[in-house]
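Asks: What follows is my_file.pdb, PDB, C-alpha atoms and all ligand atoms.
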```
ATOM      1  CA  MET A 863      34.162  18.398  16.333
ATOM      2  CA  SER A 864      32.723  19.551  19.659
ATOM      3  CA  ASN A 865      34.093  22.727  21.265
ATOM      4  CA  LEU A 866      33.582  21.269  24.735
ATOM      5  CA  PRO A 867      36.822  20.507  26.619
ATOM      6  CA  GLN A 868      37.832  16.858  26.415
ATOM      7  CA  LYS A 869      36.823  14.916  29.533
ATOM      8  CA  ARG A 870      39.268  12.679  31.378
ATOM      9  CA  ALA A 871      38.646   9.292  32.947
ATOM     10  CA  ILE A 872      40.638   6.654  34.798
ATOM     11  CA  ILE A 873      39.527   3.036  34.757
ATOM     12  CA  VAL A 874      41.145   0.961  37.503
ATOM     13  CA  GLY A 875      41.232  -2.652  36.263
ATOM     14  CA  ALA A 876      41.021  -2.233  32.486
ATOM     15  CA  THR A 877      43.427  -4.879  31.170
ATOM     16  CA  SER A 878      40.504  -7.214  30.415
ATOM     17  CA  GLY A 879      36.768  -7.750  30.675
ATOM     18  CA  ILE A 880      34.317  -4.983  31.494
ATOM     19  CA  GLY A 881      37.015  -2.386  32.263
ATOM     20  CA  LYS A 882      38.737  -2.925  28.920
ATOM     21  CA  GLU A 883      35.451  -2.559  27.009
ATOM     22  CA  LEU A 884      34.623   0.580  28.981
ATOM     23  CA  ALA A 885      38.007   2.043  27.976
ATOM     24  CA  ILE A 886      37.092   1.480  24.327
ATOM     25  CA  VAL A 887      33.628   3.046  24.750
ATOM     26  CA  LEU A 888      35.004   6.099  26.571
ATOM     27  CA  THR A 889      37.703   6.614  23.930
ATOM     28  CA  GLN A 890      35.037   6.434  21.223
ATOM     29  CA  ASN A 891      33.113   9.101  23.136
ATOM     30  CA  ASN A 892      36.039  11.519  23.101
ATOM     31  CA  PHE A 893      37.347  10.897  26.616
ATOM     32  CA  LEU A 894      41.058  10.985  27.316
ATOM     33  CA  VAL A 895      41.425   7.695  29.188
ATOM     34  CA  GLY A 896      43.932   6.365  31.715
ATOM     35  CA  ILE A 897      43.849   2.630  32.325
ATOM     36  CA  THR A 898      45.400   0.495  35.041
ATOM     37  CA  GLY A 899      46.032  -3.137  35.915
ATOM     38  CA  ARG A 900      48.868  -5.467  36.860
ATOM     39  CA  ARG A 901      49.443  -7.048  33.422
ATOM     40  CA  LYS A 902      51.882  -4.636  31.807
ATOM     41  CA  ALA A 903      51.896  -6.347  28.384
ATOM     42  CA  LEU A 904      48.098  -5.939  28.080
ATOM     43  CA  LEU A 905      48.299  -2.285  29.154
ATOM     44  CA  ASP A 906      50.963  -1.633  26.495
ATOM     45  CA  GLU A 907      48.853  -3.352  23.844
ATOM     46  CA  LEU A 908      45.820  -1.213  24.718
ATOM     47  CA  GLN A 909      47.930   1.939  24.752
ATOM     48  CA  GLN A 910      49.019   1.232  21.171
ATOM     49  CA  LEU A 911      45.482   0.493  20.008
ATOM     50  CA  TYR A 912      43.529   3.242  21.742
ATOM     51  CA  ASN A 913      46.073   5.944  22.506
ATOM     52  CA  CYS A 914      45.367   5.930  26.251
ATOM     53  CA  GLU A 915      47.651   6.628  29.198
ATOM     54  CA  VAL A 916      48.592   3.560  31.234
ATOM     55  CA  SER A 917      49.720   2.812  34.764
ATOM     56  CA  CYS A 918      50.765  -0.607  36.070
ATOM     57  CA  PHE A 919      50.113  -1.301  39.762
ATOM     58  CA  ASP A 920      48.459  -3.696  42.178
ATOM     59  CA  ILE A 921      45.638  -2.053  44.161
ATOM     60  CA  LYS A 922      46.444  -4.318  47.118
ATOM     61  CA  ASP A 923      49.534  -2.119  47.575
ATOM     62  CA  THR A 924      47.475   0.911  48.573
ATOM     63  CA  ALA A 925      50.320   3.434  48.986
ATOM     64  CA  THR A 926      51.627   2.702  45.483
ATOM     65  CA  ALA A 927      48.101   2.723  44.055
ATOM     66  CA  ILE A 928      47.425   6.215  45.397
ATOM     67  CA  MET A 929      50.795   7.512  44.204
ATOM     68  CA  GLN A 930      50.260   6.038  40.716
ATOM     69  CA  LEU A 931      46.717   7.436  40.468
ATOM     70  CA  THR A 932      48.046  10.894  41.321
ATOM     71  CA  ILE A 933      50.738  10.631  38.628
ATOM     72  CA  LEU A 934      48.261   9.280  36.055
ATOM     73  CA  THR A 935      45.872  12.155  36.763
ATOM     74  CA  GLN A 936      48.702  14.626  36.165
ATOM     75  CA  GLN A 937      49.529  12.865  32.870
ATOM     76  CA  LEU A 938      45.882  13.167  31.806
ATOM     77  CA  GLY A 939      45.790  16.826  32.815
ATOM     78  CA  GLY A 940      42.904  16.355  35.275
ATOM     79  CA  LEU A 941      40.082  13.961  36.087
ATOM     80  CA  ASP A 942      36.294  13.972  35.630
ATOM     81  CA  LEU A 943      35.400  10.300  36.004
ATOM     82  CA  LEU A 944      36.889   7.428  38.036
ATOM     83  CA  ILE A 945      35.696   3.889  37.342
ATOM     84  CA  ILE A 946      36.714   0.982  39.589
ATOM     85  CA  SER A 947      36.484  -2.264  37.652
ATOM     86  CA  SER A 948      39.266  -4.153  39.415
ATOM     87  CA  GLY A 949      38.054  -7.171  41.313
ATOM     88  CA  TYR A 950      38.957 -10.616  42.537
ATOM     89  CA  GLY A 951      37.006 -13.649  43.649
ATOM     90  CA  ASP A 952      37.136 -17.403  43.340
ATOM     91  CA  ASN A 953      35.069 -20.417  44.235
ATOM     92  CA  ASN A 954      36.229 -21.597  47.620
ATOM     93  CA  PRO A 955      34.738 -25.002  48.504
ATOM     94  CA  ASP A 956      37.285 -25.658  51.304
ATOM     95  CA  LEU A 957      37.245 -22.092  52.649
ATOM     96  CA  ASP A 958      40.934 -21.669  51.874
ATOM     97  CA  ASN A 959      41.877 -18.547  53.814
ATOM     98  CA  SER A 960      44.345 -17.329  51.184
ATOM     99  CA  ILE A 961      41.472 -16.945  48.677
ATOM    100  CA  GLU A 962      39.309 -15.150  51.245
ATOM    101  CA  GLN A 963      42.198 -12.848  52.197
ATOM    102  CA  SER A 964      43.099 -11.982  48.567
ATOM    103  CA  THR A 965      39.462 -11.121  47.943
ATOM    104  CA  ILE A 966      39.364  -8.820  50.977
ATOM    105  CA  ASP A 967      42.734  -7.230  50.089
ATOM    106  CA  THR A 968      41.546  -6.439  46.549
ATOM    107  CA  ASN A 969      37.818  -5.731  46.878
ATOM    108  CA  VAL A 970      37.822  -4.137  50.336
ATOM    109  CA  THR A 971      41.267  -2.735  51.188
ATOM    110  CA  GLY A 972      42.306  -1.778  47.633
ATOM    111  CA  PHE A 973      38.824  -0.505  46.762
ATOM    112  CA  THR A 974      38.656   1.659  49.906
ATOM    113  CA  ALA A 975      42.008   3.294  49.163
ATOM    114  CA  VAL A 976      41.122   4.032  45.526
ATOM    115  CA  VAL A 977      37.600   5.296  46.142
ATOM    116  CA  GLY A 978      38.793   7.414  49.085
ATOM    117  CA  TRP A 979      41.505   8.972  46.938
ATOM    118  CA  ALA A 980      38.940   9.794  44.227
ATOM    119  CA  TYR A 981      36.484  11.252  46.746
ATOM    120  CA  THR A 982      39.145  13.581  48.168
ATOM    121  CA  TYR A 983      40.328  14.637  44.697
ATOM    122  CA  PHE A 984      36.796  15.380  43.443
ATOM    123  CA  LYS A 985      35.800  17.169  46.665
ATOM    124  CA  GLN A 986      38.755  19.520  46.297
ATOM    125  CA  GLN A 987      37.881  20.036  42.635
ATOM    126  CA  GLY A 988      34.207  20.687  43.438
ATOM    127  CA  ARG A 989      32.893  18.057  41.007
ATOM    128  CA  GLY A 990      33.425  14.535  39.699
ATOM    129  CA  HIS A 991      31.808  11.163  39.081
ATOM    130  CA  ILE A 992      32.725   7.864  40.786
ATOM    131  CA  VAL A 993      31.548   4.580  39.269
ATOM    132  CA  ASN A 994      32.114   1.233  40.969
ATOM    133  CA  ILE A 995      31.407  -2.187  39.498
ATOM    134  CA  SER A 996      30.020  -4.119  42.469
ATOM    135  CA  SER A 997      27.835  -7.174  41.784
ATOM    136  CA  ILE A 998      24.389  -8.643  42.204
ATOM    137  CA  GLY A 999      26.358 -11.042  44.431
ATOM    138  CA  GLY A1000      26.622  -8.244  46.995
ATOM    139  CA  LEU A1001      22.895  -8.429  47.773
ATOM    140  CA  ARG A1002      22.990 -11.727  49.700
ATOM    141  CA  GLY A1003      25.542 -14.110  51.166
ATOM    142  CA  GLY A1004      26.965 -16.704  48.780
ATOM    143  CA  ALA A1005      28.126 -20.244  49.688
ATOM    144  CA  ALA A1006      30.454 -20.707  46.710
ATOM    145  CA  ALA A1007      32.622 -17.680  47.486
ATOM    146  CA  PRO A1008      31.582 -16.138  50.831
ATOM    147  CA  SER A1009      34.215 -13.375  50.853
ATOM    148  CA  TYR A1010      33.325 -12.302  47.302
ATOM    149  CA  GLY A1011      29.644 -11.596  48.104
ATOM    150  CA  ALA A1012      30.596  -9.996  51.407
ATOM    151  CA  SER A1013      33.209  -7.758  49.737
ATOM    152  CA  LYS A1014      30.661  -6.632  47.149
ATOM    153  CA  ALA A1015      28.141  -5.894  49.938
ATOM    154  CA  TYR A1016      30.853  -3.748  51.518
ATOM    155  CA  GLN A1017      31.366  -1.838  48.245
ATOM    156  CA  ILE A1018      27.624  -1.241  47.819
ATOM    157  CA  ASN A1019      27.294   0.022  51.382
ATOM    158  CA  TYR A1020      30.504   2.079  51.227
ATOM    159  CA  LEU A1021      29.507   3.884  48.036
ATOM    160  CA  GLU A1022      26.123   4.747  49.553
ATOM    161  CA  GLY A1023      27.938   6.141  52.597
ATOM    162  CA  LEU A1024      30.189   8.291  50.411
ATOM    163  CA  GLN A1025      27.178   9.562  48.483
ATOM    164  CA  GLN A1026      25.549  10.658  51.727
ATOM    165  CA  LYS A1027      28.836  12.258  52.814
ATOM    166  CA  SER A1028      29.082  14.110  49.505
ATOM    167  CA  ASN A1029      25.571  15.494  49.963
ATOM    168  CA  ARG A1030      26.311  16.588  53.528
ATOM    169  CA  GLN A1031      29.591  18.208  52.478
ATOM    170  CA  LYS A1032      28.039  19.650  49.304
ATOM    171  CA  ALA A1033      30.961  18.067  47.437
ATOM    172  CA  ASN A1034      29.013  17.793  44.156
ATOM    173  CA  ILE A1035      30.198  14.261  43.392
ATOM    174  CA  ARG A1036      28.038  11.854  41.366
ATOM    175  CA  PHE A1037      27.999   8.133  42.201
ATOM    176  CA  THR A1038      27.002   5.137  40.102
ATOM    177  CA  ASP A1039      26.849   1.658  41.650
ATOM    178  CA  VAL A1040      26.899  -0.904  38.825
ATOM    179  CA  ARG A1041      25.581  -4.341  39.814
ATOM    180  CA  PRO A1042      26.193  -6.888  37.056
ATOM    181  CA  GLY A1043      24.715 -10.362  36.900
ATOM    182  CA  PHE A1044      26.844 -12.712  34.776
ATOM    183  CA  VAL A1045      29.203 -11.188  32.228
ATOM    184  CA  ASP A1046      31.325 -13.388  29.966
ATOM    185  CA  THR A1047      34.779 -12.692  31.475
ATOM    186  CA  ALA A1048      37.343 -14.592  33.542
ATOM    187  CA  MET A1049      35.511 -13.436  36.686
ATOM    188  CA  ALA A1050      32.318 -15.364  35.872
ATOM    189  CA  LYS A1051      33.352 -18.587  37.596
ATOM    190  CA  SER A1052      29.976 -20.068  38.547
ATOM    191  CA  ASP A1053      29.030 -23.417  37.001
ATOM    192  CA  LYS A1054      25.362 -22.327  37.037
ATOM    193  CA  LYS A1055      25.531 -19.288  34.742
ATOM    194  CA  PHE A1056      22.483 -17.841  33.006
ATOM    195  CA  TRP A1057      21.542 -14.562  31.286
ATOM    196  CA  VAL A1058      25.261 -14.112  30.534
ATOM    197  CA  SER A1059      25.946 -10.838  28.741
ATOM    198  CA  SER A1060      28.958 -10.008  26.614
ATOM    199  CA  PRO A1061      31.444  -7.530  28.097
ATOM    200  CA  GLN A1062      30.610  -5.241  25.160
ATOM    201  CA  LYS A1063      26.887  -5.179  26.069
ATOM    202  CA  ALA A1064      27.783  -4.642  29.744
ATOM    203  CA  ALA A1065      30.026  -1.693  28.816
ATOM    204  CA  ALA A1066      27.297  -0.182  26.608
ATOM    205  CA  ASP A1067      24.774  -0.415  29.486
ATOM    206  CA  ILE A1068      27.276   1.096  31.936
ATOM    207  CA  TRP A1069      28.074   3.963  29.551
ATOM    208  CA  ASN A1070      24.344   4.649  29.262
ATOM    209  CA  ALA A1071      24.040   4.695  33.079
ATOM    210  CA  ILE A1072      27.026   7.076  33.346
ATOM    211  CA  THR A1073      25.569   9.556  30.851
ATOM    212  CA  LYS A1074      22.221   9.443  32.698
ATOM    213  CA  GLN A1075      24.005   9.770  36.076
ATOM    214  CA  ARG A1076      22.117   6.742  37.394
ATOM    215  CA  GLN A1077      22.785   5.988  41.076
ATOM    216  CA  VAL A1078      22.277   2.225  40.822
ATOM    217  CA  VAL A1079      22.129   0.115  37.695
ATOM    218  CA  TYR A1080      21.732  -3.613  37.077
ATOM    219  CA  VAL A1081      23.593  -5.042  34.093
ATOM    220  CA  THR A1082      21.839  -6.242  32.102
ATOM    221  CA  LYS A1083      18.500  -4.653  32.982
ATOM    222  CA  ARG A1084      16.684  -7.950  33.552
ATOM    223  CA  TRP A1085      18.917  -8.645  36.567
ATOM    224  CA  GLU A1086      16.806  -6.036  38.350
ATOM    225  CA  PHE A1087      14.151  -8.738  38.577
ATOM    226  CA  ILE A1088      16.583 -11.203  40.212
ATOM    227  CA  ALA A1089      17.663  -8.427  42.594
ATOM    228  CA  LEU A1090      14.055  -7.923  43.650
ATOM    229  CA  LEU A1091      13.604 -11.659  44.270
ATOM    230  CA  LEU A1092      16.852 -11.816  46.251
ATOM    231  CA  LYS A1093      15.779  -8.878  48.424
ATOM    232  CA  LEU A1094      12.353 -10.424  49.109
ATOM    233  CA  LEU A1095      13.456 -14.010  49.820
ATOM    234  CA  PRO A1096      13.281 -14.765  53.567
ATOM    235  CA  ARG A1097      16.592 -15.833  55.113
ATOM    236  CA  LYS A1098      15.207 -19.169  56.374
ATOM    237  CA  TRP A1099      14.519 -20.152  52.726
ATOM    238  CA  TYR A1100      17.527 -18.454  51.168
ATOM    239  CA  VAL A1101      20.049 -20.353  53.315
ATOM    240  CA  LYS A1102      18.625 -23.693  52.146
ATOM    241  CA  LEU A1103      19.167 -22.973  48.435
TER     242      LEU A1103
HETATM  243  N1  LIG A1201      32.065 -11.110  35.041
HETATM  244  C1  LIG A1201      31.033 -11.199  35.864
HETATM  245  O1  LIG A1201      30.178 -12.094  35.729
HETATM  246  C2  LIG A1201      30.871 -10.174  36.957
HETATM  247  C3  LIG A1201      29.656 -10.152  37.665
HETATM  248  C4  LIG A1201      29.479  -9.230  38.685
HETATM  249  C5  LIG A1201      30.485  -8.325  38.985
HETATM  250  N2  LIG A1201      31.659  -8.368  38.277
HETATM  251  C6  LIG A1201      32.711  -7.403  38.656
HETATM  252  O2  LIG A1201      33.130  -6.690  37.517
HETATM  253  C7  LIG A1201      34.449  -6.191  37.751
HETATM  254  C8  LIG A1201      35.281  -6.431  36.501
HETATM  255  O3  LIG A1201      35.505  -7.816  36.351
HETATM  256  P1  LIG A1201      35.482  -8.536  34.922
HETATM  257  O4  LIG A1201      34.281  -9.387  34.873
HETATM  258  O5  LIG A1201      35.696  -7.538  33.861
HETATM  259  O6  LIG A1201      36.740  -9.535  35.079
HETATM  260  P2  LIG A1201      38.247  -9.454  34.582
HETATM  261  O7  LIG A1201      38.306  -9.517  33.095
HETATM  262  O8  LIG A1201      38.966 -10.503  35.349
HETATM  263  O9  LIG A1201      38.737  -8.010  35.020
HETATM  264  C9  LIG A1201      39.225  -7.739  36.297
HETATM  265  C10 LIG A1201      40.166  -6.569  36.206
HETATM  266  O10 LIG A1201      40.597  -6.270  37.536
HETATM  267  C11 LIG A1201      41.999  -6.110  37.508
HETATM  268  N3  LIG A1201      42.538  -6.491  38.804
HETATM  269  C12 LIG A1201      42.271  -7.611  39.518
HETATM  270  N4  LIG A1201      42.986  -7.626  40.650
HETATM  271  C13 LIG A1201      43.726  -6.487  40.665
HETATM  272  C14 LIG A1201      44.667  -5.932  41.562
HETATM  273  N5  LIG A1201      45.003  -6.561  42.700
HETATM  274  N6  LIG A1201      45.241  -4.754  41.255
HETATM  275  C15 LIG A1201      44.909  -4.110  40.109
HETATM  276  N7  LIG A1201      44.015  -4.581  39.224
HETATM  277  C16 LIG A1201      43.437  -5.763  39.488
HETATM  278  C17 LIG A1201      42.484  -7.043  36.402
HETATM  279  O11 LIG A1201      43.730  -6.598  35.887
HETATM  280  P3  LIG A1201      45.132  -7.339  36.130
HETATM  281  O12 LIG A1201      44.872  -8.793  36.251
HETATM  282  O13 LIG A1201      45.931  -6.943  34.942
HETATM  283  O14 LIG A1201      45.643  -6.726  37.390
HETATM  284  C18 LIG A1201      41.393  -6.850  35.366
HETATM  285  O15 LIG A1201      41.685  -5.748  34.544
HETATM  286  C19 LIG A1201      34.964  -6.921  38.997
HETATM  287  O16 LIG A1201      34.885  -6.063  40.107
HETATM  288  C20 LIG A1201      33.977  -8.056  39.174
HETATM  289  O17 LIG A1201      33.866  -8.437  40.538
HETATM  290  C21 LIG A1201      31.870  -9.264  37.264
END
```
Just dump the structure as C-alpha cells.

Replies:
Amino acid sequence: MSNLPQKRAIIVGATSGIGKELAIVLTQNNFLVGITGRRKALLDELQQLYNCEVSCFDIKDTATAIMQLTILTQQLGGLDLLIISSGYGDNNPDLDNSIEQSTIDTNVTGFTAVVGWAYTYFKQQGRGHIVNISSIGGLRGGAAAPSYGASKAYQINYLEGLQQKSNRQKANIRFTDVRPGFVDTAMAKSDKKFWVSSPQKAAADIWNAITKQRQVVYVTKRWEFIALLLKLLPRKWYVKL
C-alpha cells in the first residue's frame, strides 16, 4: 500500500461509455471517485460495483449542477481531478433546431458552467487538473451535425483560454484536451465509422495522458494523422467533401 494520500476525482458523465470506463480505471488506480449523470439506476449500479460516490443531475440545469458538484466534492473530502465526459450530439439532416439547441445547452452552456466551477475551485486550492473530452469533430465544421462540431470547437478553444488564464494568474492548474476519433459508444452515430476504438482502450489512453499531464491528446493515437490532414485541407476542398 502507498503512503501517499488518496487522490479524488469527479467524472461528469460517467453512466456509460468513456466516462464509465474512466471511473473504473481511476478506481483501480486508487482514486476516490465521484461520478455523475442523469440515469440514476446506472449510477446506483456503478456505486455498488466500484464503491464510488454518485450524484444525479442534468448539466443543462447549471445552477443545480454547480450545487451538486460542490456537495459531491464535500462528500469526497476534496478534489484533485475533474473530468468532463458528458456530451450530446445527433445527426441532423433537416437542421431540427431542438437538436441544435440541446447540443448547445449540453456541450456549451453546461460545459462552461462545470469547467468554470472547477477552475475557480482549483484556483482557490492552488492546484488541480481539468480534463475535457472534446472531439476530433471540433477541428472542422461538420454537415451531419453542425452544432456538435461547433460545440466541440468551442470546448477546445475555451480550454485553451482557461489554460492561458491559469498561467497568467499562476493558478497552477493542469489541462488535458482529449480529442477522440470514433469510440464504440452510443455517441458514435456516424454511418461512416472507421478506426473505432473500444471505450476501454480510449479510457486507457486517456489515463496515460492524465498521468503524463499531456495538454492535447488524440484517442487513439493514429487520429493525430487525421487531425493533421483536417488542419491542412483547404476550405474550398473541405466544403465539397
Ligand atoms: N463515442 C465517440 O465516438 C466520441 C468521439 C468523439 C468525442 N466523444 C465525446 O466523448 C464524450 C463521452 O461520450 P461517450 O462516447 O462516452 O458517449 P455516452 O456513452 O453517450 O456518454 C455520454 C455521457 O454524458 C452524459 N450526459 C449526456 N448529457 C448529459 C446531461 N445533459 N447532463 C449530464 N450528463 C449528461 C451521459 O449520462 P446520462 O445520459 O446518464 O445523463 C453519459 O454518461 C462526449 O463528450 C462525446 O462528445 C465521443

Asks: Mind listing the residues within 6 Å of ligand LIG 1201 (chain A), only C-alpha atoms and all ligand atoms counted, as a ChimeraX atom specification?

Replies: /A:875-881,899-901,919-922,947-950,968,995-997,1042-1050

Asks: Extract, using all atoms listed in the file, all DNA, RNA and protein residues at most 8 Å from A:Gly1011, discarding same-chain residues fewer than 6 positions from it, and format them as JSON, numbers by chain.

Replies: {"A": [997, 999, 1000, 1001, 1002, 1003, 1004]}

Asks: Need to verify the contact set: A:Leu888, 12 Å, all atoms listed in the file, exclusion of same-chain residues closer than 6 positions in sequence. Can you return it as an MDAnalysis selection string?

Replies: chainID A and resid 868:873 876 881:882 894:897 912:914 943:945 1065:1066 1068:1070 1072:1073

Asks: Take atom CA of A:Val976 and atom CA of A:Asn953 and report the distance between them in Å, one decimal.

Replies: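 Between atom CA of A:Val976 and atom CA of A:Asn953 the gap works out to 25.2 Å.
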
Asks: In Å, rounded to a single decimal, give me how far atom CA of A:His991 is from atom CA of A:Ser1028.

Replies: 11.2 Å

Asks: Residues picked by the PyMOL selection byres (((chain A and resi 1080) around 9) and not hetatm) here, as JSON, numbers by chain?

Replies: {"A": [997, 998, 1039, 1040, 1041, 1042, 1043, 1067, 1068, 1078, 1079, 1081, 1082, 1083, 1084, 1085, 1086, 1089]}

Asks: Next, the residues of the selection above should be written as an mmCIF file, keeping the file's coordinate frame with C-alpha atoms.

Replies:
```cif
data_model
loop_
_atom_site.group_PDB
_atom_site.id
_atom_site.type_symbol
_atom_site.label_atom_id
_atom_site.label_comp_id
_atom_site.auth_asym_id
_atom_site.auth_seq_id
_atom_site.Cartn_x
_atom_site.Cartn_y
_atom_site.Cartn_z
ATOM 1 C CA SER A 997 27.835 -7.174 41.784
ATOM 2 C CA ILE A 998 24.389 -8.643 42.204
ATOM 3 C CA ASP A 1039 26.849 1.658 41.650
ATOM 4 C CA VAL A 1040 26.899 -0.904 38.825
ATOM 5 C CA ARG A 1041 25.581 -4.341 39.814
ATOM 6 C CA PRO A 1042 26.193 -6.888 37.056
ATOM 7 C CA GLY A 1043 24.715 -10.362 36.900
ATOM 8 C CA ASP A 1067 24.774 -0.415 29.486
ATOM 9 C CA ILE A 1068 27.276 1.096 31.936
ATOM 10 C CA VAL A 1078 22.277 2.225 40.822
ATOM 11 C CA VAL A 1079 22.129 0.115 37.695
ATOM 12 C CA VAL A 1081 23.593 -5.042 34.093
ATOM 13 C CA THR A 1082 21.839 -6.242 32.102
ATOM 14 C CA LYS A 1083 18.500 -4.653 32.982
ATOM 15 C CA ARG A 1084 16.684 -7.950 33.552
ATOM 16 C CA TRP A 1085 18.917 -8.645 36.567
ATOM 17 C CA GLU A 1086 16.806 -6.036 38.350
ATOM 18 C CA ALA A 1089 17.663 -8.427 42.594
#
```

Asks: For A:Gln986, which of A:Ser1013, A:Gln937, A:Gln1031, A:Gln1025 is the closest residue, counting all atoms listed in the file?

Replies: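 Smallest separation from A:Gln986 among the options: A:Gln1031.
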
Asks: Run the PyMOL selection byres (((chain A and resi 1096-1101) around 9) and not hetatm) against the file shown and list the residues it catches, as a ChimeraX atom specification.

Replies: /A:1002-1003,1005,1092-1095,1102-1103

Asks: What's the separation between atom CA of A:Asp967 and atom CA of A:Leu934, in Å to one decimal place?

Replies: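 Separation between atom CA of A:Asp967 and atom CA of A:Leu934: 22.4 Å.
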
Asks: Got a sec: who's within 9 Å of A:Asn954, counting all atoms listed in the file, leaving out chain neighbours fewer than 3 positions off, as a PyMOL selection string?

Replies: chain A and resi 951+957-959+961-962+1005-1008

Asks: From the list A:Val874, A:Val977, A:Val887, A:Ile1088, which residue is nearest A:Cys918 when using only C-alpha atoms?

Replies: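 Closest to A:Cys918, using only C-alpha atoms: A:Val874.
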
Asks: Could you list, as an mmCIF file with C-alpha atoms, in the frame of the given file, every residue matched by the PyMOL selection byres (((chain A and resi 1032) around 12) and not hetatm) in this structure?

Replies:
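Final output, selection01.cif:
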```cif
data_model
loop_
_atom_site.group_PDB
_atom_site.id
_atom_site.type_symbol
_atom_site.label_atom_id
_atom_site.label_comp_id
_atom_site.auth_asym_id
_atom_site.auth_seq_id
_atom_site.Cartn_x
_atom_site.Cartn_y
_atom_site.Cartn_z
ATOM 1 C CA PHE A 984 36.796 15.380 43.443
ATOM 2 C CA LYS A 985 35.800 17.169 46.665
ATOM 3 C CA GLN A 986 38.755 19.520 46.297
ATOM 4 C CA GLN A 987 37.881 20.036 42.635
ATOM 5 C CA GLY A 988 34.207 20.687 43.438
ATOM 6 C CA ARG A 989 32.893 18.057 41.007
ATOM 7 C CA LEU A 1024 30.189 8.291 50.411
ATOM 8 C CA GLN A 1025 27.178 9.562 48.483
ATOM 9 C CA GLN A 1026 25.549 10.658 51.727
ATOM 10 C CA LYS A 1027 28.836 12.258 52.814
ATOM 11 C CA SER A 1028 29.082 14.110 49.505
ATOM 12 C CA ASN A 1029 25.571 15.494 49.963
ATOM 13 C CA ARG A 1030 26.311 16.588 53.528
ATOM 14 C CA GLN A 1031 29.591 18.208 52.478
ATOM 15 C CA ALA A 1033 30.961 18.067 47.437
ATOM 16 C CA ASN A 1034 29.013 17.793 44.156
ATOM 17 C CA ILE A 1035 30.198 14.261 43.392
ATOM 18 C CA ARG A 1036 28.038 11.854 41.366
#
```

Asks: Padding of 3 Å on every side, edges along x, y and z, all listed atoms of stretch 904-914 of chain A included: what centre and edge lengths in Å, to one decimal, does that box have, as JSON?

Replies:
```
{"center_x": 47.2, "center_y": 0.0, "center_z": 24.6, "size_x": 13.4, "size_y": 17.9, "size_z": 15.1}
```

Asks: So which one's closest to A:Leu866, A:Ile928, A:Asn892, A:Asp906, A:Val993? Using all atoms listed in the file, please.

Replies: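 Among the listed residues, A:Asn892 lies closest to A:Leu866.
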
Asks: Rank A:Gly1023, A:Glu883, A:Leu905, A:Trp979 by their smallest atom-to-atom distance to A:Lys1063, using only C-alpha atoms, and report the top residue only.

Replies: A:Glu883

Asks: Restricting the calculation to all atoms listed in the file, which member of A:Gly940, A:Glu915, A:Pro955, A:Thr924 is positioned closest to A:Gly972?

Replies: A:Thr924
